[in-house]
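> See structure.json below, with JSON, C-alpha atoms.
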```
[["chain", "number", "residue", "atom", "x", "y", "z"],
["Q", 108, "ASN", "CA", -16.31, 29.00, -22.99],
["Q", 109, "HIS", "CA", -16.30, 25.86, -25.11],
["Q", 110, "LYS", "CA", -13.17, 24.46, -23.43],
["Q", 111, "SER", "CA", -12.81, 22.47, -20.22],
["Q", 112, "LEU", "CA", -10.29, 21.83, -17.47],
["Q", 113, "ALA", "CA", -8.96, 18.30, -16.86],
["Q", 114, "LEU", "CA", -7.67, 17.25, -13.43],
["Q", 115, "ILE", "CA", -5.87, 13.90, -13.56],
["Q", 116, "THR", "CA", -4.77, 12.12, -10.40],
["Q", 117, "TYR", "CA", -3.51, 8.65, -9.55],
["Q", 118, "THR", "CA", -6.40, 6.99, -7.71],
["Q", 119, "ASN", "CA", -10.19, 7.08, -7.77],
["Q", 120, "ALA", "CA", -10.15, 8.01, -4.08],
["Q", 121, "ALA", "CA", -8.02, 11.10, -4.80],
["Q", 122, "ALA", "CA", -10.28, 12.03, -7.72],
["Q", 123, "ASP", "CA", -13.35, 11.76, -5.46],
["Q", 124, "GLU", "CA", -11.65, 13.97, -2.87],
["Q", 125, "ILE", "CA", -10.86, 16.66, -5.44],
["Q", 126, "ASP", "CA", -14.36, 16.43, -6.88],
["Q", 127, "SER", "CA", -15.92, 16.89, -3.42],
["Q", 128, "ARG", "CA", -13.97, 20.15, -2.92],
["Q", 129, "LEU", "CA", -14.96, 21.65, -6.26],
["Q", 130, "ASN", "CA", -17.99, 23.84, -6.68],
["Q", 131, "ALA", "CA", -18.41, 23.04, -10.35],
["Q", 132, "ASP", "CA", -20.71, 21.19, -12.68],
["Q", 133, "ASP", "CA", -19.34, 17.82, -13.87],
["Q", 134, "ASN", "CA", -19.69, 19.08, -17.43],
["Q", 135, "ASP", "CA", -17.28, 21.94, -16.74],
["Q", 136, "ILE", "CA", -14.37, 19.98, -15.28],
["Q", 137, "PHE", "CA", -13.08, 16.45, -15.81],
["Q", 138, "VAL", "CA", -11.77, 14.84, -12.62],
["Q", 139, "GLY", "CA", -10.39, 11.30, -12.75],
["Q", 140, "THR", "CA", -7.50, 8.92, -13.27],
["Q", 141, "ILE", "CA", -5.44, 8.72, -16.45],
["Q", 142, "HIS", "CA", -7.26, 5.48, -17.31],
["Q", 143, "ARG", "CA", -10.66, 7.15, -17.08],
["Q", 144, "PHE", "CA", -9.34, 10.10, -19.11],
["Q", 145, "CYS", "CA", -8.13, 7.74, -21.84],
["Q", 146, "LEU", "CA", -11.39, 5.80, -21.86],
["Q", 147, "GLU", "CA", -13.55, 8.90, -22.06],
["Q", 148, "PHE", "CA", -11.61, 11.01, -24.55],
["Q", 149, "ILE", "CA", -9.56, 8.54, -26.61],
["Q", 150, "LEU", "CA", -10.79, 4.95, -26.58],
["Q", 151, "ARG", "CA", -14.56, 5.37, -26.55],
["Q", 152, "PRO", "CA", -14.70, 8.11, -29.23],
["Q", 153, "PHE", "CA", -11.94, 6.76, -31.50],
["Q", 154, "SER", "CA", -11.79, 2.93, -31.20],
["Q", 155, "TRP", "CA", -13.62, 2.79, -34.53],
["Q", 156, "ILE", "CA", -10.39, 3.75, -36.28],
["Q", 157, "TYR", "CA", -9.06, 0.20, -35.77],
["Q", 158, "LYS", "CA", -12.49, -1.47, -35.71],
["Q", 159, "TRP", "CA", -12.00, -2.44, -32.06],
["Q", 160, "HIS", "CA", -14.91, -3.48, -29.89],
["Q", 161, "LYS", "CA", -16.45, -0.90, -27.61],
["Q", 162, "PRO", "CA", -14.02, -0.81, -24.66],
["Q", 163, "ARG", "CA", -15.08, -2.87, -21.64],
["Q", 164, "ILE", "CA", -12.89, -3.38, -18.58],
["Q", 165, "ILE", "CA", -12.20, -6.99, -17.61],
["Q", 166, "SER", "CA", -13.93, -7.80, -14.32],
["Q", 167, "TYR", "CA", -12.39, -9.23, -11.16],
["Q", 168, "ASP", "CA", -14.45, -12.42, -11.56],
["Q", 169, "GLU", "CA", -13.22, -12.83, -15.13],
["Q", 170, "LEU", "CA", -9.61, -12.48, -13.99],
["Q", 171, "LYS", "CA", -10.26, -15.18, -11.38],
["Q", 172, "GLU", "CA", -11.79, -17.31, -14.12],
["Q", 173, "PHE", "CA", -8.60, -17.01, -16.18],
["Q", 174, "LEU", "CA", -6.49, -18.08, -13.20],
["Q", 175, "GLU", "CA", -8.77, -21.04, -12.51],
["Q", 176, "LEU", "CA", -8.64, -22.13, -16.16],
["Q", 177, "ASN", "CA", -4.84, -21.98, -16.01],
["Q", 178, "SER", "CA", -4.27, -23.24, -12.48],
["Q", 179, "ASP", "CA", -1.24, -25.23, -13.64],
["Q", 180, "LEU", "CA", 0.68, -22.08, -14.53],
["Q", 181, "GLU", "CA", 3.25, -20.75, -12.08],
["Q", 182, "PHE", "CA", 2.44, -17.09, -11.35],
["Q", 183, "GLY", "CA", 4.18, -16.55, -8.05],
["Q", 184, "ASP", "CA", 2.63, -15.91, -4.65],
["Q", 185, "ASN", "CA", 0.06, -13.28, -5.62],
["Q", 186, "ARG", "CA", -1.37, -14.50, -8.91],
["Q", 187, "LEU", "CA", -3.52, -11.45, -9.62],
["Q", 188, "ASP", "CA", -0.62, -9.07, -9.02],
["Q", 189, "GLU", "CA", 1.55, -11.12, -11.36],
["Q", 190, "LEU", "CA", -1.15, -11.01, -14.02],
["Q", 191, "SER", "CA", -1.20, -7.20, -13.86],
["Q", 192, "LYS", "CA", 2.44, -7.24, -15.02],
["Q", 193, "VAL", "CA", 1.42, -8.54, -18.46],
["Q", 194, "LYS", "CA", 1.85, -5.44, -20.61],
["Q", 195, "ARG", "CA", 3.32, -4.17, -23.85],
["Q", 196, "LEU", "CA", 6.10, -1.81, -24.84],
["Q", 197, "LEU", "CA", 5.37, 1.31, -26.88],
["Q", 198, "ASN", "CA", 5.94, -0.61, -30.12],
["Q", 199, "GLY", "CA", 3.43, -3.29, -29.12],
["Q", 200, "ASP", "CA", 5.96, -5.98, -28.24],
["Q", 201, "LEU", "CA", 5.56, -7.83, -24.96],
["Q", 202, "ASP", "CA", 7.37, -6.18, -22.04],
["Q", 203, "CYS", "CA", 9.70, -8.85, -20.66],
["Q", 204, "SER", "CA", 11.82, -6.52, -18.51],
["Q", 205, "ASN", "CA", 12.53, -7.81, -15.00],
["Q", 206, "ILE", "CA", 11.23, -11.26, -16.01],
["Q", 207, "ASP", "CA", 13.42, -14.28, -15.15],
["Q", 208, "ASN", "CA", 11.84, -16.92, -17.40],
["Q", 209, "THR", "CA", 11.10, -15.08, -20.66],
["Q", 210, "GLU", "CA", 9.84, -18.15, -22.54],
["Q", 211, "SER", "CA", 7.30, -18.99, -19.84],
["Q", 212, "TRP", "CA", 6.24, -15.33, -19.60],
["Q", 213, "ILE", "CA", 5.59, -15.12, -23.35],
["Q", 214, "TYR", "CA", 3.39, -18.23, -23.15],
["Q", 215, "ILE", "CA", 1.41, -16.89, -20.18],
["Q", 216, "SER", "CA", 0.98, -13.51, -21.85],
["Q", 217, "GLU", "CA", -0.31, -15.02, -25.09],
["Q", 218, "LEU", "CA", -2.88, -17.03, -23.14],
["Q", 219, "TYR", "CA", -3.95, -13.89, -21.29],
["Q", 220, "PHE", "CA", -4.22, -11.68, -24.39],
["Q", 221, "ASN", "CA", -6.28, -14.37, -26.12],
["Q", 222, "PHE", "CA", -8.53, -14.56, -23.05],
["Q", 223, "LEU", "CA", -9.08, -10.80, -23.16],
["Q", 224, "LYS", "CA", -9.88, -11.03, -26.86],
["Q", 225, "ASP", "CA", -12.41, -13.83, -26.30],
["Q", 226, "LYS", "CA", -14.09, -11.79, -23.56],
["Q", 227, "LYS", "CA", -14.02, -8.67, -25.76],
["Q", 228, "ALA", "CA", -12.45, -6.86, -22.83],
["Q", 229, "ILE", "CA", -9.32, -4.90, -21.93],
["Q", 230, "ASP", "CA", -7.38, -4.42, -18.71],
["Q", 231, "PHE", "CA", -5.78, -1.24, -17.37],
["Q", 232, "ASN", "CA", -2.48, -1.82, -19.20],
["Q", 233, "GLU", "CA", -4.31, -2.28, -22.51],
["Q", 234, "ILE", "CA", -6.26, 0.94, -21.92],
["Q", 235, "LEU", "CA", -2.97, 2.85, -21.97],
["Q", 236, "PHE", "CA", -1.43, 0.89, -24.83],
["Q", 237, "LYS", "CA", -4.45, 1.20, -27.13],
["Q", 238, "SER", "CA", -4.90, 4.88, -26.24],
["Q", 239, "TYR", "CA", -1.24, 5.53, -27.05],
["Q", 240, "LYS", "CA", -1.56, 3.69, -30.37],
["Q", 241, "ILE", "CA", -4.61, 5.76, -31.35],
["Q", 242, "ILE", "CA", -3.17, 9.12, -30.36],
["Q", 243, "SER", "CA", 0.35, 8.52, -31.70],
["Q", 244, "GLU", "CA", -0.80, 7.30, -35.11],
["Q", 245, "ASN", "CA", -3.67, 9.77, -35.68],
["Q", 246, "ASN", "CA", -2.82, 13.45, -35.32],
["Q", 247, "PHE", "CA", -6.44, 14.56, -35.51],
["Q", 248, "VAL", "CA", -7.14, 12.72, -32.24],
["Q", 249, "SER", "CA", -4.53, 14.66, -30.26],
["Q", 250, "GLU", "CA", -5.70, 17.87, -31.94],
["Q", 251, "SER", "CA", -9.29, 17.11, -30.97],
["Q", 252, "ILE", "CA", -8.36, 16.60, -27.30],
["Q", 253, "ALA", "CA", -6.05, 19.63, -27.23],
["Q", 254, "ASN", "CA", -8.89, 21.78, -28.54],
["Q", 255, "LYS", "CA", -11.26, 20.44, -25.91],
["Q", 256, "PHE", "CA", -9.19, 21.54, -22.87],
["Q", 257, "TYR", "CA", -7.59, 24.84, -21.98],
["Q", 258, "GLU", "CA", -5.47, 23.12, -19.30],
["Q", 259, "ILE", "CA", -4.64, 19.60, -18.17],
["Q", 260, "SER", "CA", -3.36, 19.32, -14.60],
["Q", 261, "VAL", "CA", -1.65, 16.12, -13.46],
["Q", 262, "ASP", "CA", -1.15, 15.09, -9.83],
["Q", 263, "GLU", "CA", 1.47, 12.59, -8.55],
["Q", 264, "PHE", "CA", 3.46, 13.21, -11.71],
["Q", 265, "GLN", "CA", 6.53, 11.43, -10.31],
["Q", 266, "ASP", "CA", 4.72, 8.09, -10.85],
["Q", 267, "THR", "CA", 3.88, 8.72, -14.52],
["Q", 268, "ASN", "CA", 4.78, 5.81, -16.80],
["Q", 269, "ILE", "CA", 5.97, 6.06, -20.40],
["Q", 270, "PHE", "CA", 2.50, 5.54, -21.91],
["Q", 271, "GLN", "CA", 0.91, 8.27, -19.80],
["Q", 272, "TYR", "CA", 3.81, 10.59, -20.55],
["Q", 273, "GLU", "CA", 3.70, 10.08, -24.31],
["Q", 274, "ILE", "CA", -0.10, 10.50, -24.42],
["Q", 275, "LEU", "CA", 0.13, 13.83, -22.60],
["Q", 276, "LYS", "CA", 3.06, 14.93, -24.75],
["Q", 277, "ALA", "CA", 1.12, 14.18, -27.93],
["Q", 278, "ILE", "CA", -1.72, 16.41, -26.74],
["Q", 279, "HIS", "CA", 0.75, 19.19, -25.89],
["Q", 280, "THR", "CA", 2.45, 18.90, -29.29],
["Q", 281, "ALA", "CA", -0.90, 19.18, -31.07],
["Q", 282, "SER", "CA", -1.70, 22.65, -29.74],
["Q", 283, "SER", "CA", 0.06, 25.24, -27.60],
["Q", 284, "ASP", "CA", -3.37, 26.55, -26.56],
["Q", 285, "CYS", "CA", -3.75, 23.62, -24.17],
["Q", 286, "THR", "CA", -1.45, 24.24, -21.22],
["Q", 287, "PHE", "CA", -0.17, 21.73, -18.68],
["Q", 288, "PHE", "CA", 0.54, 21.79, -14.96],
["Q", 289, "MET", "CA", 2.24, 18.79, -13.35],
["Q", 290, "VAL", "CA", 2.77, 18.47, -9.62],
["Q", 291, "GLY", "CA", 4.46, 15.82, -7.51],
["Q", 292, "ASP", "CA", 7.54, 14.91, -5.52],
["Q", 293, "GLU", "CA", 10.37, 12.76, -6.91],
["Q", 294, "LYS", "CA", 11.17, 11.69, -3.32],
["Q", 295, "GLN", "CA", 7.71, 10.13, -3.05],
["Q", 296, "LYS", "CA", 8.09, 8.03, -6.19],
["Q", 297, "ILE", "CA", 6.73, 4.58, -5.35],
["Q", 298, "TYR", "CA", 5.88, 3.03, -8.73],
["Q", 299, "SER", "CA", 9.31, 2.45, -10.26],
["Q", 300, "PHE", "CA", 8.48, -1.27, -10.29],
["Q", 301, "ALA", "CA", 5.38, -0.50, -12.37],
["Q", 302, "GLY", "CA", 7.26, 1.50, -15.00],
["Q", 303, "ALA", "CA", 7.35, 5.04, -13.61],
["Q", 304, "ILE", "CA", 9.84, 6.98, -15.76],
["Q", 305, "ASP", "CA", 13.05, 8.49, -14.38],
["Q", 306, "ASN", "CA", 13.51, 12.25, -13.96],
["Q", 307, "ALA", "CA", 9.90, 12.93, -14.93],
["Q", 308, "PHE", "CA", 10.02, 16.65, -14.12],
["Q", 309, "ASN", "CA", 13.31, 17.40, -15.87],
["Q", 310, "ARG", "CA", 12.08, 15.49, -18.88],
["Q", 311, "ALA", "CA", 8.77, 17.34, -18.92],
["Q", 312, "SER", "CA", 10.50, 20.69, -18.47],
["Q", 313, "LYS", "CA", 12.25, 20.10, -21.79],
["Q", 314, "ASP", "CA", 9.42, 18.44, -23.75],
["Q", 315, "PHE", "CA", 6.65, 20.74, -22.52],
["Q", 316, "LYS", "CA", 8.84, 23.85, -22.47],
["Q", 317, "ALA", "CA", 7.90, 24.49, -18.86],
["Q", 318, "GLU", "CA", 9.73, 25.91, -15.87],
["Q", 319, "ILE", "CA", 10.15, 23.86, -12.72],
["Q", 320, "GLU", "CA", 8.84, 25.60, -9.59],
["Q", 321, "ASN", "CA", 10.09, 24.13, -6.33],
["Q", 322, "LEU", "CA", 7.42, 24.17, -3.63],
["Q", 323, "ASP", "CA", 9.42, 24.42, -0.40],
["Q", 324, "ILE", "CA", 6.70, 25.46, 2.04],
["Q", 325, "THR", "CA", 4.34, 22.92, 3.61],
["Q", 326, "TYR", "CA", 0.84, 23.83, 4.70],
["Q", 327, "ARG", "CA", -0.33, 20.38, 5.77],
["Q", 328, "SER", "CA", 1.78, 19.90, 8.93],
["Q", 329, "THR", "CA", 2.05, 21.70, 12.29],
["Q", 330, "ASN", "CA", 4.95, 24.04, 13.00],
["Q", 331, "ASN", "CA", 6.58, 21.49, 15.32],
["Q", 332, "ILE", "CA", 6.71, 18.89, 12.53],
["Q", 333, "VAL", "CA", 7.94, 21.42, 9.96]]
```
Written as structure tokens, that's how I'd like the structure from this file.


Amino acid sequence: NHKSLALITYTNAAADEIDSRLNADDNDIFVGTIHRFCLEFILRPFSWIYKWHKPRIISYDELKEFLELNSDLEFGDNRLDELSKVKRLLNGDLDCSNIDNTESWIYISELYFNFLKDKKAIDFNEILFKSYKIISENNFVSESIANKFYEISVDEFQDTNIFQYEILKAIHTASSDCTFFMVGDEKQKIYSFAGAIDNAFNRASKDFKAEIENLDITYRSTNNIV
């Protein structure tokens, strides 16, 4: 009775759709994106470990302010999209993969990270990085989360990136009492450019000691389409 169910999906719109179909109190079931999950159960309760500021998401206007302050920088056609590519590797180093001009990218990234620090804010990539750092370096955090949920279900699992994967794996490793259910379709993988891992289901089958069930019947289309 003291444990909850977590339903993690890729977008806020999908989370709202799931929530609207559930006949449950919000206190009984968590429904949201991986970023909201990390904010609610990792960053907000445990940021004190590293004496970080209370997590606040950088606003759209603040991102525009950064671009205006650095209007001389070459970001490409869509400057906001380019800015969202500033992220770290698991070890904290800057991710320079698929970047042509590494030296310029390092300079831009340093400016951006300093801007976030001055604003006492984080973006979506930093939510995942900081959550991973907390949970990977502090076993009691993963144990706390594993003891809070009896199951964590993840939608659109084919688009899971390495940070999301490692966070979930840490929770699984902490306690076998918290079970996992991942669903998705490798053929519908659309976020390879954003770091979605390869062979997510085969990898999870091994790490989470789970069988793969192929869903080969569709219920969402008419017989003519099927």

> Mind checking which residues fall within 12 Å of Asp292 of chain Q, counting all atoms listed in the file, ignoring those fewer than 6 positions away in the same chain, and posting them as number ranges by chain?

Q: 262-267, 306-308, 319-323

> When you count only C-alpha atoms, which of these residues is closest to Trp155 of chain Q: Q:His279, Q:Lys237, Q:Ile125, Q:Lys192?

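Checking each candidate against Trp155 of chain Q, we get Q:Lys237 as the closest.
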
> Record the distance separating atom CA of Ser216 of chain Q and atom CA of Tyr167 of chain Q, expressed in Å with one decimal.

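According to the coordinates, atom CA of Ser216 of chain Q and atom CA of Tyr167 of chain Q are separated by 17.6 Å.
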
> Kindly indicate which residue among Q:Glu293, Q:Ser204, Q:Ala113, Q:Ser282 lies nearest to Ser251 of chain Q, using only C-alpha atoms for the distances.

Q:Ser282

> Write out as a CSV table (one decimal) with C-alpha atoms, in the coordinates of the input the residues lying within 12 Å of Tyr272 of chain Q, counting only C-alpha atoms and excluding same-chain residues fewer than 2 positions away.


```
chain,number,residue,atom,x,y,z
Q,141,ILE,CA,-5.4,8.7,-16.4
Q,197,LEU,CA,5.4,1.3,-26.9
Q,235,LEU,CA,-3.0,2.8,-22.0
Q,236,PHE,CA,-1.4,0.9,-24.8
Q,238,SER,CA,-4.9,4.9,-26.2
Q,239,TYR,CA,-1.2,5.5,-27.0
Q,243,SER,CA,0.4,8.5,-31.7
Q,261,VAL,CA,-1.6,16.1,-13.5
Q,264,PHE,CA,3.5,13.2,-11.7
Q,265,GLN,CA,6.5,11.4,-10.3
Q,266,ASP,CA,4.7,8.1,-10.8
Q,267,THR,CA,3.9,8.7,-14.5
Q,268,ASN,CA,4.8,5.8,-16.8
Q,269,ILE,CA,6.0,6.1,-20.4
Q,270,PHE,CA,2.5,5.5,-21.9
Q,274,ILE,CA,-0.1,10.5,-24.4
Q,275,LEU,CA,0.1,13.8,-22.6
Q,276,LYS,CA,3.1,14.9,-24.8
Q,277,ALA,CA,1.1,14.2,-27.9
Q,278,ILE,CA,-1.7,16.4,-26.7
Q,279,HIS,CA,0.8,19.2,-25.9
Q,287,PHE,CA,-0.2,21.7,-18.7
Q,289,MET,CA,2.2,18.8,-13.4
Q,302,GLY,CA,7.3,1.5,-15.0
Q,303,ALA,CA,7.4,5.0,-13.6
Q,304,ILE,CA,9.8,7.0,-15.8
Q,305,ASP,CA,13.0,8.5,-14.4
Q,306,ASN,CA,13.5,12.2,-14.0
Q,307,ALA,CA,9.9,12.9,-14.9
Q,308,PHE,CA,10.0,16.6,-14.1
Q,310,ARG,CA,12.1,15.5,-18.9
Q,311,ALA,CA,8.8,17.3,-18.9
Q,314,ASP,CA,9.4,18.4,-23.8
Q,315,PHE,CA,6.6,20.7,-22.5
```

> Identify, on the basis of all atoms listed in the file, every residue whose closest approach to segment 174-188 of chain Q does not exceed 10 Å; exclude the query and any residue fewer than 2 positions from it along the same chain; express the result as JSON, numbers by chain.

{"Q": [167, 168, 169, 170, 171, 172, 190, 191, 192, 193, 211, 212, 214, 215, 218, 219]}

> Restricting the calculation to only C-alpha atoms, which member of Q:Glu318, Q:Glu258, Q:Glu189, Q:Asp126 is positioned closest to Lys110 of chain Q?

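Smallest distance to Lys110 of chain Q is found for Q:Glu258.
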
> At what distance in Å, to one decimal, does atom CA of Cys145 of chain Q lie from atom CA of Phe222 of chain Q?

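So the two atoms, atom CA of Phe222 of chain Q and atom CA of Cys145 of chain Q, lie 22.3 Å apart.
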
> At what distance in Å, to one decimal, does atom CA of Arg143 of chain Q lie from atom CA of Tyr257 of chain Q?

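One can read the atom CA of Tyr257 of chain Q to atom CA of Arg143 of chain Q distance as 18.6 Å.
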
> Taking into account only C-alpha atoms, which residue in the set Q:Ile165, Q:Ile234, Q:Leu112, Q:Ala122 is nearest to His142 of chain Q?

Q:Ile234

> With distances taken over only C-alpha atoms, which of Q:Leu114, Q:Val248, Q:Ile213, Q:Ile259 is nearest to Ser154 of chain Q?

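That would be Q:Val248, the residue with the smallest distance to Ser154 of chain Q.
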